[in-house]
$ cat target08.csv   # CSV, C-alpha atoms
chain,number,residue,atom,x,y,z
A,17,LYS,CA,-21.5,-17.4,-0.2
A,18,GLN,CA,-21.7,-15.0,-3.0
A,19,TYR,CA,-21.5,-15.9,-6.7
A,20,PHE,CA,-19.0,-14.2,-8.9
A,21,PRO,CA,-18.8,-14.9,-12.6
A,22,ASP,CA,-15.9,-16.6,-14.3
A,23,HIS,CA,-15.0,-13.2,-15.8
A,24,PHE,CA,-14.6,-11.8,-12.3
A,25,MET,CA,-11.5,-9.8,-13.3
A,26,GLU,CA,-13.6,-7.5,-15.4
A,27,LEU,CA,-15.8,-6.9,-12.3
A,28,VAL,CA,-12.8,-6.4,-10.1
A,29,SER,CA,-11.4,-3.9,-12.6
A,30,VAL,CA,-14.6,-1.8,-12.4
A,31,ILE,CA,-14.7,-1.9,-8.6
A,32,ILE,CA,-11.0,-0.9,-8.4
A,33,GLY,CA,-11.7,1.9,-10.8
A,34,LEU,CA,-14.5,3.1,-8.6
A,35,GLY,CA,-12.3,2.9,-5.6
A,36,THR,CA,-9.5,4.8,-7.3
A,37,SER,CA,-12.0,7.5,-8.4
A,38,TYR,CA,-13.4,7.9,-4.9
A,39,LYS,CA,-9.8,8.1,-3.6
A,40,GLU,CA,-9.0,10.9,-6.1
A,41,LEU,CA,-12.3,12.7,-5.1
A,42,ASP,CA,-11.1,12.6,-1.5
A,43,GLN,CA,-13.9,10.2,-0.4
A,44,PRO,CA,-11.8,7.7,1.6
A,45,LYS,CA,-14.7,5.7,3.1
A,46,LEU,CA,-16.2,5.0,-0.3
A,47,ALA,CA,-12.8,4.2,-1.7
A,48,ILE,CA,-12.0,1.8,1.1
A,49,SER,CA,-15.3,0.0,0.7
A,50,HIS,CA,-14.7,-0.6,-3.0
A,51,PHE,CA,-11.1,-1.7,-2.5
A,52,GLU,CA,-12.2,-4.1,0.3
A,53,GLU,CA,-15.0,-5.4,-2.0
A,54,ALA,CA,-12.4,-6.2,-4.7
A,55,LEU,CA,-10.4,-8.1,-2.1
A,56,ARG,CA,-13.4,-10.1,-1.1
A,57,ILE,CA,-13.9,-11.1,-4.7
A,58,PHE,CA,-10.3,-12.3,-4.9
A,59,GLU,CA,-10.8,-14.2,-1.7
A,60,ASN,CA,-14.0,-15.8,-3.0
A,61,LYS,CA,-12.2,-16.9,-6.1
A,62,ARG,CA,-9.3,-18.2,-4.0
A,63,GLN,CA,-6.9,-15.9,-5.9
A,64,LEU,CA,-5.1,-14.8,-2.7
A,65,ASN,CA,-1.6,-14.3,-4.3
A,66,HIS,CA,-2.7,-12.4,-7.4
A,67,PRO,CA,-0.3,-9.5,-8.1
A,68,LEU,CA,-3.3,-7.0,-8.3
A,69,ILE,CA,-4.0,-7.7,-4.6
A,70,ALA,CA,-0.6,-6.1,-3.7
A,71,LYS,CA,-1.7,-2.9,-5.5
A,72,ILE,CA,-5.1,-2.9,-3.8
A,73,LEU,CA,-3.5,-3.4,-0.4
A,74,ILE,CA,-1.1,-0.5,-1.1
A,75,ASP,CA,-4.1,1.8,-1.9
A,76,LEU,CA,-5.9,0.5,1.2
A,77,SER,CA,-2.9,1.0,3.5
A,78,HIS,CA,-2.5,4.5,2.2
A,79,LEU,CA,-6.2,5.3,2.9
A,80,TYR,CA,-6.1,3.7,6.3
A,81,LEU,CA,-3.0,5.7,7.1
A,82,LEU,CA,-4.8,8.9,6.1
A,83,ASN,CA,-7.7,8.0,8.3
A,84,GLY,CA,-5.3,7.4,11.2
A,85,ASP,CA,-5.9,3.6,11.4
A,86,LEU,CA,-2.3,2.6,11.8
A,87,VAL,CA,-3.0,-1.0,12.7
A,88,LYS,CA,-5.0,-1.7,9.5
A,89,ALA,CA,-2.5,0.3,7.5
A,90,GLU,CA,0.4,-1.7,8.8
A,91,ALA,CA,-1.3,-5.1,8.3
A,92,SER,CA,-2.3,-4.2,4.7
A,93,ILE,CA,1.1,-2.9,3.7
A,94,LEU,CA,2.9,-5.9,5.2
A,95,ASP,CA,0.5,-8.2,3.3
A,96,SER,CA,1.2,-6.2,0.1
A,97,ILE,CA,5.0,-6.5,0.6
A,98,GLU,CA,4.7,-10.3,1.0
A,99,ILE,CA,2.6,-10.7,-2.1
A,100,SER,CA,5.0,-8.4,-4.0
A,101,LYS,CA,7.9,-10.5,-3.0
A,102,ASN,CA,6.2,-13.7,-4.1
A,103,ASN,CA,5.3,-12.2,-7.5
A,104,SER,CA,8.2,-9.9,-8.2
A,105,CYS,CA,5.8,-7.0,-8.5
A,106,ARG,CA,7.0,-3.8,-9.9
A,107,GLU,CA,5.1,-1.8,-7.3
A,108,SER,CA,7.0,-3.3,-4.3
A,109,PHE,CA,8.9,0.1,-4.0
A,110,ALA,CA,5.5,1.8,-3.5
A,111,ALA,CA,4.6,-0.6,-0.7
A,112,LEU,CA,7.9,0.0,1.0
A,113,GLU,CA,7.4,3.8,0.7
A,114,VAL,CA,4.0,3.6,2.4
A,115,LEU,CA,5.6,1.5,5.1
A,116,SER,CA,8.2,4.2,5.6
A,117,ASN,CA,5.4,6.8,5.9
A,118,LEU,CA,3.6,4.6,8.4
A,119,TYR,CA,6.7,4.4,10.6
A,120,LYS,CA,7.2,8.2,10.2
A,121,ARG,CA,3.6,8.7,11.4
A,122,LYS,CA,4.2,6.3,14.3
A,123,ALA,CA,7.4,8.3,15.2
A,124,ASP,CA,5.4,11.5,15.3
A,125,LEU,CA,2.7,10.0,17.4
A,126,ALA,CA,5.3,8.5,19.9
A,127,SER,CA,7.0,11.9,20.1
A,128,SER,CA,3.8,13.7,20.8
A,129,GLN,CA,3.2,11.3,23.6
A,130,GLY,CA,6.6,11.9,25.1
A,131,HIS,CA,8.1,8.6,24.1
A,132,GLU,CA,11.3,9.9,22.5
A,133,ASN,CA,13.1,6.5,22.5
A,134,VAL,CA,10.3,4.8,20.6
A,135,SER,CA,10.1,7.8,18.3
A,136,GLN,CA,13.7,7.5,17.4
A,137,GLU,CA,13.3,3.7,16.7
A,138,MET,CA,10.4,4.4,14.4
A,139,LYS,CA,12.4,7.1,12.6
A,140,ILE,CA,15.2,4.7,12.0
A,141,MET,CA,12.7,2.1,10.7
A,142,SER,CA,11.1,4.7,8.5
A,143,ARG,CA,14.4,5.7,7.0
A,144,ALA,CA,15.4,2.1,6.4
A,145,TYR,CA,12.2,1.3,4.5
A,146,LEU,CA,12.6,4.5,2.5
A,147,LYS,CA,16.1,3.5,1.5
A,148,GLU,CA,14.8,0.0,0.6
A,149,ALA,CA,12.1,1.6,-1.5
A,150,TYR,CA,14.7,3.7,-3.3
A,151,GLU,CA,16.9,0.7,-4.0
A,152,ALA,CA,13.9,-1.4,-5.3
A,153,ALA,CA,12.8,1.5,-7.5
A,154,LYS,CA,16.3,2.0,-8.8
A,155,ASN,CA,16.3,-1.6,-10.0
A,156,ARG,CA,12.9,-1.3,-11.6
A,157,LEU,CA,12.4,2.2,-12.9
A,158,SER,CA,14.3,4.4,-15.4
A,159,LYS,CA,16.8,6.9,-14.1
A,160,ASP,CA,14.6,9.9,-14.9
A,161,SER,CA,11.4,8.4,-13.3
A,162,PRO,CA,9.6,11.0,-11.1
A,163,HIS,CA,9.0,8.2,-8.5
A,164,LEU,CA,12.8,7.6,-8.2
A,165,LEU,CA,13.4,11.4,-8.0
A,166,ARG,CA,10.8,11.7,-5.2
A,167,LEU,CA,12.3,8.8,-3.2
A,168,TYR,CA,15.8,10.3,-3.7
A,169,THR,CA,14.7,13.7,-2.5
A,170,ALA,CA,13.0,12.2,0.5
A,171,LEU,CA,16.2,10.3,1.4
A,172,MET,CA,18.3,13.4,1.1
A,173,SER,CA,16.0,15.5,3.4
$ encode --input "target08.csv" --output "structure tokens"
Amino acid sequence: KQYFPDHFMELVSVIIGLGTSYKELDQPKLAISHFEEALRIFENKRQLNHPLIAKILIDLSHLYLLNGDLVKAEASILDSIEISKNNSCRESFAALEVLSNLYKRKADLASSQGHENVSQEMKIMSRAYLKEAYEAAKNRLSKDSPHLLRLYTALMS
């Protein structure tokens, strides 16, 4: 069992900052390891429903999705959504948007494997989650928010 100081949030903030930096520098493996380390610290401190975990899980699911690990991406994003709902997190729309992208990716994969019925089901799910993300964002963001505009544009395409 590892020891983490009582001021573990400062440590977590630094680790998340490193993960974010590696993500922006297009070094997903290093970003993933830092975000996963931040989660381990929360687990060690038994802070499993902390709102920051939802944000970390969104970042992880996005990275897993980029790496093609759809199973981990889906598990992470579903956990993020659950935590967001429990904490009324402002970022819940971001989690739903990532989930929409995940199902869009699954639809493309199913289509490439000749499973058109599955692909259609995944497209429907993707669109439903995108609409849910838009509605959540509409309730939390200003009308001129670039996030809201991006979601609206995606819905209209």
$ atom_distance --input "target08.csv" --atom1 "atom CA of A:Gly35" --atom2 "atom CA of A:Asn83"
15.5 Å
$ residues_around --input "target08.csv" --residues "A:Gly84" --least-positions-apart "6" --cutoff "10 Å" --atoms "all atoms listed in the file" --output "PyMOL selection string"
chain A and resi 78+118+121
$ write_last_selection --input "target08.csv" --atoms "C-alpha atoms" --output "PDB file, in the coordinates of the input"
ATOM      1  CA  HIS A  78      -2.500   4.500   2.200  1.00  0.00           C
ATOM      2  CA  LEU A 118       3.600   4.600   8.400  1.00  0.00           C
ATOM      3  CA  ARG A 121       3.600   8.700  11.400  1.00  0.00           C
TER       4      ARG A 121
END
$ closest_residue --input "target08.csv" --among "A:Ile97, A:Ile48, A:Leu34, A:Leu81" --to "A:Asn65" --atoms "only C-alpha atoms"
A:Ile97
$ closest_atom_pairs --input "target08.csv" --of "stretch 70-156 of chain A" --to "stretch 25-33 of chain A" --cutoff "10 Å" --atoms "only C-alpha atoms" --output "JSON lines"
{"residue": "A:Lys71", "atom": "CA", "partner": "A:Ile32", "partner_atom": "CA", "distance": 9.9}
{"residue": "A:Ile72", "atom": "CA", "partner": "A:Ile32", "partner_atom": "CA", "distance": 7.7}
{"residue": "A:Asp75", "atom": "CA", "partner": "A:Ile32", "partner_atom": "CA", "distance": 9.9}
$ atom_distance --input "target08.csv" --atom1 "atom CA of A:Glu113" --atom2 "atom CA of A:Ala126"
19.9 Å
$ atom_distance --input "target08.csv" --atom1 "atom CA of A:Ser173" --atom2 "atom CA of A:Val134"
21.0 Å
$ residues_near_point --input "target08.csv" --point "(14.5, 5.1, 7.6)" --cutoff "12 Å" --atoms "only C-alpha atoms" --output "CSV table (one decimal) with C-alpha atoms, in the coordinates of the input"
chain,number,residue,atom,x,y,z
A,112,LEU,CA,7.9,0.0,1.0
A,113,GLU,CA,7.4,3.8,0.7
A,114,VAL,CA,4.0,3.6,2.4
A,115,LEU,CA,5.6,1.5,5.1
A,116,SER,CA,8.2,4.2,5.6
A,117,ASN,CA,5.4,6.8,5.9
A,118,LEU,CA,3.6,4.6,8.4
A,119,TYR,CA,6.7,4.4,10.6
A,120,LYS,CA,7.2,8.2,10.2
A,123,ALA,CA,7.4,8.3,15.2
A,135,SER,CA,10.1,7.8,18.3
A,136,GLN,CA,13.7,7.5,17.4
A,137,GLU,CA,13.3,3.7,16.7
A,138,MET,CA,10.4,4.4,14.4
A,139,LYS,CA,12.4,7.1,12.6
A,140,ILE,CA,15.2,4.7,12.0
A,141,MET,CA,12.7,2.1,10.7
A,142,SER,CA,11.1,4.7,8.5
A,143,ARG,CA,14.4,5.7,7.0
A,144,ALA,CA,15.4,2.1,6.4
A,145,TYR,CA,12.2,1.3,4.5
A,146,LEU,CA,12.6,4.5,2.5
A,147,LYS,CA,16.1,3.5,1.5
A,148,GLU,CA,14.8,0.0,0.6
A,149,ALA,CA,12.1,1.6,-1.5
A,150,TYR,CA,14.7,3.7,-3.3
A,167,LEU,CA,12.3,8.8,-3.2
A,170,ALA,CA,13.0,12.2,0.5
A,171,LEU,CA,16.2,10.3,1.4
A,172,MET,CA,18.3,13.4,1.1
A,173,SER,CA,16.0,15.5,3.4
$ closest_residue --input "target08.csv" --among "A:His23, A:Leu79, A:Glu59, A:Ser96" --to "A:Tyr38" --atoms "all atoms listed in the file"
A:Leu79
$ residues_near_point --input "target08.csv" --point "(-11.0, -13.8, -7.1)" --cutoff "10 Å" --atoms "only C-alpha atoms" --output "count of residues only"
22
$ axis_aligned_box --input "target08.csv" --around "stretch 75-89 of chain A" --padding-each-side "6 Å" --output "lines of an AutoDock Vina configuration file"
center_x = -5.0
center_y = 3.6
center_z = 5.4
size_x = 17.4
size_y = 22.6
size_z = 26.6
